[in-house]
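What follows is a set of notes on a single structure, which appears directly below.
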Amino acid sequence: YFYAVLLSKGDKIEKNDEEAIKYLKMAIEKGHTSAMFFYAHLLINGIGINADIIEGFKQLNMSIENGNEDAIDYYGTLLRDGDVIEMNKKEALNFFKMAADKGHINAMLNYAMILDEGDGVETNEEEALKYYKMAADKGDPAAMCYYAEMLIRNNGTEPNFEEFIRYLKRAADKGFPLALEKYAYVLKYGLFIEKDRREAIKYYKMALEKGCLEAKEEYEELLYSIEKEEEEDEYIEKTSRTEEEEERMESTDFDKIVEKWNYIIINAEKIWF
């Protein structure tokens with residue numbers, strides 16, 4: 001199976017679709033459920049092989065019946081999107097939950113998002129929060145970001161600002177674009193965290209590099225503001241330094257005058273006395 005996947009993707013070895021299919025079929029004959037799912041995915045989408053929806057769903061159903069969580073989540077995605085089969089959000093929700101409860105991280109996220117948005121089903125924020133956290137705690141950055149957002153949402157529950165910052169930063173540090181932009185925002189304005197505009201610049205820049213165009217205006221405005229402040233600070237420092245130098249020069253001139261008069265007085269005493 002793994003060799004077939006490498007052949008199909010051309011990952012570290014030369015891509016060879018014909019050989020990939022051959023080894024996938026060998027794995028399927030041995031009852032490998034992931035091979036069934038992967039072969040189904042290729043057939044349904046016509047990747048490296050002529051599309052065959054009927055055979056593709058046959059392989060997908062075999063994989064689902066054998067409890068493969070990738071196949072279960074994938075079938076939920078097909079039902080949710082309605083591109084290949086008739087859209088059915090309620091049925092999609094059932095398949096996402098089935099895969100999620102088997103520990104499938106992407107299914108946890110998919111299940112939570114449908115419940116959170118109420119997309120074709122009744123909204124259930126409590127259940128959404130639970131599954132977002134499950135996926136977040138397994139390392140999914142999107143789930144971390146959406147879980148964080150739910151923690152401060154005005155939904156009748158007490159906000160948890162500390163946990164909001166913790167999960168939002170984790171998502172940002174994993175490079176999730178929306179989290180990068182949101183974390184930069186809270187740093188810029190000091191929302192629930194100490195204000196740090198230079199750190200905000202860093203996160204806005206990373207968000208832009210990830211293609212988050214929403215960060216552009218805030219980034220440019222903050223950058224301009226900091227540059228202006230630096231110019232003003234430099235001017236104030238320069239002005240202060242000039243004033244100090246003038247004072248020092250004046251003091252030096254006065255000391256020289258005093259010294260000169262002392263010399264004259266001493267020598268005058270010698271002359272007159």
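Ligands are numbered from 1 in the order shown, residues from 1 within each chain, and chains are lettered A, B, ... in the order they appear in the structure tokens.
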
Point to revise | Close residues, Ile72 of chain A itself excluded, 12 Å, only C-alpha atoms, min 2 positions apart in chain, as an NGL selection string | key: :A and (33-34 or 36-37 or 57 or 60-70 or 74-79 or 91-104 or 106-108 or 110)

Practice item. Enumerate, as a PyMOL selection string, the complete set of residues in segment 19-219 of chain A that a backbone-based DSSP assignment places in alpha helix (DSSP H). Key: chain A and resi 19-29+33-45+53-65+69-81+89-100+105-117+125-136+141-151+161-173+177-189+197-209+215-219

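Proximity ranking of A:Cys145, A:Leu24, A:Glu209, A:Arg198 relative to Lys182 of chain A places A:Cys145 first, based on only C-alpha atoms.
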
Practice item. One decimal, Å: what's the distance from atom CA of Ile85 of chain A over to atom CA of Lys58 of chain A, could you say? Key: 13.8 Å

Practice item. Tell me which protein, DNA and RNA residues are within 9 Å of Tyr219 of chain A, counting only C-alpha atoms, leaving out same-chain ones fewer than 6 positions away, and put them as number ranges by chain. Key: A: 184, 200-201, 204-205, 208

Hey, can you spit out that residue selection with C-alpha atoms as a PDB file, in the first residue's frame?
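Output saved as part.pdb:
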ATOM      1  CA  ALA A 184      -1.388  40.209  15.415  1.00  0.00           C
ATOM      2  CA  ALA A 200       2.247  42.400  15.990  1.00  0.00           C
ATOM      3  CA  ILE A 201       4.237  43.520  12.930  1.00  0.00           C
ATOM      4  CA  TYR A 204       0.999  40.480  10.363  1.00  0.00           C
ATOM      5  CA  LYS A 205       3.967  39.939   8.041  1.00  0.00           C
ATOM      6  CA  LEU A 208       0.599  38.268   4.514  1.00  0.00           C
TER       7      LEU A 208
END

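The residue that comes closest to Glu181 of chain A, out of A:Arg166, A:Lys228, A:Lys216, A:Lys195 and on the basis of only C-alpha atoms, is A:Lys216.
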
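Taking only C-alpha atoms, the non-local environment of Ala20 of chain A within 6 Å (same-chain residues fewer than 6 positions away omitted) comprises A:Ala4, A:Leu7, A:Ser8.
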
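The gap separating atom CA of Tyr183 of chain A from atom CA of Tyr224 of chain A is 19.4 Å, in Å to one decimal.
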
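Atom CA of Glu125 of chain A is positioned 16.6 Å from atom CA of Ala142 of chain A.
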
Practice item. Using only C-alpha atoms, determine which residues lie at most 10 Å from Glu162 of chain A, disregarding the query and same-chain residues fewer than 2 positions distant; provide the list as an MDAnalysis selection string. Key: chainID A and resid 148 151:152 159:160 164:167 192:193

Practice item. Fewer than 6 positions away in the same chain doesn't count, so skip those; otherwise give me all residues within 9 Å of Leu6 of chain A, counting only C-alpha atoms, as a PyMOL selection string. Key: chain A and resi 12-16+20
